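This is target-v2.cif. It holds mmCIF, C-alpha atoms.
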```cif
data_start
#
loop_
_atom_site.label_atom_id
_atom_site.label_comp_id
_atom_site.auth_asym_id
_atom_site.auth_seq_id
_atom_site.Cartn_x
_atom_site.Cartn_y
_atom_site.Cartn_z
CA MET A 14 0.00 0.00 0.00
CA VAL A 15 1.04 3.58 -0.65
CA PHE A 16 -0.11 5.84 2.21
CA GLY A 17 -0.19 9.61 2.03
CA TYR A 18 -0.02 12.04 4.94
CA ALA A 19 -1.26 15.62 4.59
CA ARG A 20 -1.16 18.17 7.38
CA VAL A 21 -1.86 21.85 7.97
CA SER A 22 -1.38 23.65 11.27
CA LYS A 23 -4.32 24.68 13.41
CA GLY A 24 -5.32 28.24 12.75
CA GLU A 25 -3.97 28.26 9.19
CA GLU A 26 -6.49 29.35 6.56
CA GLN A 27 -5.16 26.88 4.00
CA ASP A 28 -6.51 23.39 3.69
CA THR A 29 -4.97 20.08 2.60
CA ARG A 30 -6.41 20.07 -0.97
CA ILE A 31 -3.13 21.02 -2.69
CA GLN A 32 -1.28 18.32 -0.77
CA GLU A 33 -3.98 15.72 -1.42
CA THR A 34 -3.97 16.48 -5.17
CA ALA A 35 -0.18 16.02 -5.33
CA LEU A 36 -0.38 12.80 -3.28
CA HIS A 37 -3.14 11.40 -5.51
CA ALA A 38 -1.05 12.18 -8.61
CA ALA A 39 1.87 10.30 -6.99
CA GLY A 40 -0.22 7.13 -6.79
CA VAL A 41 -1.26 7.20 -3.11
CA ASP A 42 -3.91 4.59 -2.25
CA ARG A 43 -5.07 6.16 1.02
CA THR A 44 -4.44 9.59 2.53
CA PHE A 45 -4.51 10.52 6.20
CA THR A 46 -5.22 14.22 6.74
CA GLU A 47 -4.68 16.21 9.89
CA ARG A 48 -5.02 19.74 11.23
CA ALA A 49 -2.32 19.96 13.92
CA SER A 50 1.05 21.53 14.65
CA GLY A 51 4.06 19.76 13.14
CA GLY A 52 5.84 20.14 16.48
CA ARG A 53 3.29 17.98 18.32
CA TRP A 54 3.84 14.26 18.75
CA ASP A 55 0.22 13.45 19.65
CA ARG A 56 -1.26 13.48 16.14
CA PRO A 57 -3.93 10.74 15.91
CA GLN A 58 -4.00 10.45 12.10
CA LEU A 59 -0.21 10.15 11.87
CA HIS A 60 -0.24 7.38 14.49
CA ARG A 61 -3.07 5.59 12.70
CA LEU A 62 -0.96 5.63 9.54
CA LEU A 63 2.16 4.38 11.34
CA ASP A 64 0.22 1.59 13.08
CA GLN A 65 -1.00 0.27 9.71
CA LEU A 66 2.44 0.08 8.06
CA ARG A 67 3.56 -3.31 6.78
CA PRO A 68 6.73 -4.36 4.93
CA ASP A 69 6.99 -2.84 1.41
CA ASP A 70 4.37 -0.14 2.15
CA VAL A 71 5.39 3.44 1.32
CA VAL A 72 4.61 6.68 3.17
CA VAL A 73 4.38 9.73 0.92
CA VAL A 74 4.28 13.40 1.98
CA TRP A 75 4.13 16.56 -0.09
CA LYS A 76 7.00 18.18 1.89
CA LEU A 77 9.19 17.00 4.77
CA ASP A 78 7.81 19.66 7.11
CA ARG A 79 4.33 18.15 6.75
CA LEU A 80 5.66 15.13 8.64
CA SER A 81 7.61 17.11 11.26
CA ARG A 82 9.19 20.51 11.78
CA SER A 83 11.94 19.12 14.02
CA LEU A 84 14.89 17.22 12.53
CA LYS A 85 15.10 15.02 15.63
CA ALA A 86 11.39 14.09 15.46
CA LEU A 87 11.63 13.59 11.69
CA LEU A 88 14.49 11.12 12.11
CA GLN A 89 12.54 9.27 14.84
CA LEU A 90 9.57 8.96 12.46
CA MET A 91 11.86 7.79 9.67
CA GLU A 92 13.30 5.12 11.99
CA ARG A 93 9.80 3.94 12.85
CA ILE A 94 8.87 3.73 9.16
CA ALA A 95 12.08 1.84 8.38
CA HIS A 96 11.52 -0.48 11.37
CA ALA A 97 8.15 -1.44 9.87
CA GLY A 98 9.97 -2.38 6.64
CA ALA A 99 8.27 0.47 4.76
CA GLY A 100 9.69 3.16 2.51
CA PHE A 101 9.32 6.94 2.54
CA ARG A 102 8.95 9.55 -0.20
CA SER A 103 8.83 13.34 -0.04
CA LEU A 104 7.56 14.79 -3.31
CA THR A 105 8.96 18.33 -3.02
CA GLU A 106 12.44 17.39 -1.81
CA ALA A 107 12.60 14.33 -4.14
CA ILE A 108 13.63 12.01 -1.29
CA ASP A 109 12.80 8.35 -1.83
CA THR A 110 14.12 5.78 0.65
CA THR A 111 12.91 2.96 -1.57
CA THR A 112 16.00 3.70 -3.72
CA PRO A 113 19.65 3.27 -2.68
CA ALA A 114 20.34 6.99 -3.24
CA GLY A 115 17.39 7.99 -1.04
CA ARG A 116 18.48 5.66 1.76
CA MET A 117 22.00 7.05 1.58
CA LEU A 118 20.68 10.63 1.77
CA MET A 119 18.63 9.88 4.90
CA GLN A 120 21.62 8.12 6.50
CA MET A 121 23.71 11.23 5.83
CA VAL A 122 21.02 13.46 7.38
CA GLY A 123 20.95 11.14 10.40
CA SER A 124 24.75 11.24 10.68
CA PHE A 125 24.77 15.05 10.63
CA ALA A 126 22.06 15.13 13.31
CA GLU A 127 24.05 12.70 15.50
CA PHE A 128 27.20 14.81 14.96
CA GLU A 129 25.28 17.93 16.05
CA ARG A 130 24.01 16.17 19.20
CA ALA A 131 27.56 15.01 20.03
CA MET A 132 28.89 18.57 19.59
CA ILE A 133 26.18 19.94 21.90
CA ARG A 134 27.05 17.32 24.56
CA GLU A 135 30.77 18.18 24.23
CA ARG A 136 30.11 21.93 24.55
CA THR A 137 27.89 21.32 27.59
CA ARG A 138 30.58 19.21 29.31
CA ALA A 139 33.26 21.83 28.54
CA GLY A 140 31.00 24.56 29.94
CA LEU A 141 30.42 22.60 33.17
CA VAL A 142 34.18 21.99 33.61
CA ALA A 143 34.90 25.71 33.07
CA ALA A 144 32.14 26.68 35.54
CA ARG A 145 33.53 24.30 38.20
CA ALA A 146 37.01 25.76 37.67
CA ARG A 147 35.52 29.19 38.47
CA GLY A 148 33.96 27.77 41.65
CA ARG A 149 30.42 27.46 40.33
CA VAL A 150 28.59 24.20 40.93
CA GLY A 151 25.70 23.03 38.78
CA GLY A 152 22.43 21.65 40.01
CA ARG A 153 19.62 23.12 42.01
CA ARG A 154 20.26 26.19 44.11
CA PRO A 155 20.19 25.30 47.84
CA LYS A 156 16.88 26.07 49.53
CA LEU A 157 18.60 27.29 52.69
CA SER A 158 21.66 29.48 53.20
CA PRO A 159 24.47 28.45 55.61
CA GLN A 160 23.10 31.01 58.11
CA GLN A 161 19.64 29.40 57.91
CA HIS A 162 21.23 25.96 58.41
CA ALA A 163 22.86 27.21 61.63
CA ALA A 164 19.62 28.84 62.83
CA ILE A 165 17.65 25.60 62.36
CA VAL A 166 20.29 23.54 64.20
CA ASP A 167 20.33 26.08 67.07
CA MET A 168 16.54 25.97 67.23
CA VAL A 169 15.90 22.24 67.07
CA HIS A 170 18.87 20.57 68.83
CA PRO A 171 18.31 22.26 72.22
CA GLY A 172 14.60 21.36 71.90
CA ARG A 173 13.28 24.91 71.67
CA GLN A 174 11.41 24.16 68.41
CA SER A 175 10.22 21.00 66.69
CA GLN A 176 11.42 19.98 63.22
CA ALA A 177 7.92 20.69 61.87
CA ASP A 178 7.97 24.20 63.36
CA ALA A 179 11.38 24.90 61.80
CA ALA A 180 10.15 23.62 58.41
CA ARG A 181 7.10 25.92 58.58
CA LEU A 182 9.20 28.89 59.68
CA PHE A 183 11.70 28.52 56.82
CA ARG A 184 9.07 27.35 54.30
CA VAL A 185 10.75 24.07 53.40
CA HIS A 186 9.62 20.45 53.46
CA PRO A 187 10.08 18.68 56.84
CA ALA A 188 12.34 16.14 55.09
CA THR A 189 14.74 18.99 54.22
CA VAL A 190 15.01 19.88 57.93
CA SER A 191 15.44 16.22 58.88
CA ARG A 192 18.32 15.75 56.38
CA LEU A 193 19.95 18.95 57.60
CA LEU A 194 19.79 17.86 61.25
CA THR A 195 21.17 14.41 60.45
CA ALA A 196 24.14 16.03 58.69
CA HIS A 197 24.72 18.46 61.61
CA ARG A 198 24.15 16.03 64.50
CA PRO A 199 26.73 16.58 67.26
CA PRO A 200 29.29 13.74 67.59
CA ALA A 201 28.24 12.91 71.18
CA GLN A 202 24.61 12.55 70.11
CA THR A 203 25.65 10.30 67.20
CA ARG A 204 27.69 8.05 69.51
CA SER A 205 24.91 7.74 72.08
CA ALA A 206 22.44 6.92 69.29
CA GLU A 207 24.77 4.13 68.12
CA HIS A 208 24.92 2.58 71.64
CA VAL A 209 21.12 2.52 72.01
#
```
For the structure just supplied, provide its representation as structure tokens.
Amino acid sequence: MVFGYARVSKGEEQDTRIQETALHAAGVDRTFTERASGGRWDRPQLHRLLDQLRPDDVVVVWKLDRLSRSLKALLQLMERIAHAGAGFRSLTEAIDTTTPAGRMLMQMVGSFAEFERAMIRERTRAGLVAARARGRVGGRRPKLSPQQHAAIVDMVHPGRQSQADAARLFRVHPATVSRLLTAHRPPAQTRSAEHV
């Protein structure tokens, strides 16, 4: 079977007639049409098409951006089509993965995308190393300052306030106070707790 997929974004005044005419002329047996953003993954008609794919079927679109606006999502869709044993054709860009040249082109696109992802990971790692060298640590900003840590310990350890009261006062979860107190438990208290 040759399946067509036609899509226009929500809110666009255009309709899918131009796409459907081109798909029909390309020999499509059945067309799935959708009005949805190309950036969304939850497109029911696209998933219906993908679920029906069998080996030697072909998916045809008028333009690549009708299938997806994101290169990453496009490559994921292409992998799913290939995994089903089906081919893919884009009429405007003249891509046809049922031919050796078309398969090679998509492999090259995939390689460039993987190279770009690797470069982003490398730049991120280099940025983190440089930030650590300047004394900056990644991750979430601490909820409490060192002064607040000391105030909570001074409040709770002598028994003047409960852990729950300290959590309410500093607007943090009681578990945060509990972890803080465990980390700041006086050595004598830790030893006596071990002997109990």
How many Å lie between atom CA of Pro187 of chain A and atom CA of Met168 of chain A, rounded to one decimal?
-> 14.2 Å
Evaluating the PyMOL selection byres ((chain A and resi 177) around 10) on the displayed file yields which residues, as a PyMOL selection string?
-> chain A and resi 169+174-176+178-182+185-188+190-191
Expand the PyMOL selection byres ((chain A and resi 30) around 12) into the individual residues it matches in the shown file, reporting them as a PyMOL selection string.
-> chain A and resi 18-21+26-29+31-37+44+46-47+75
Picked residues, the PyMOL selection byres ((chain A and resi 81) around 12), expected as number ranges by chain = A: 18-22, 49-56, 59, 74-80, 82-91, 103
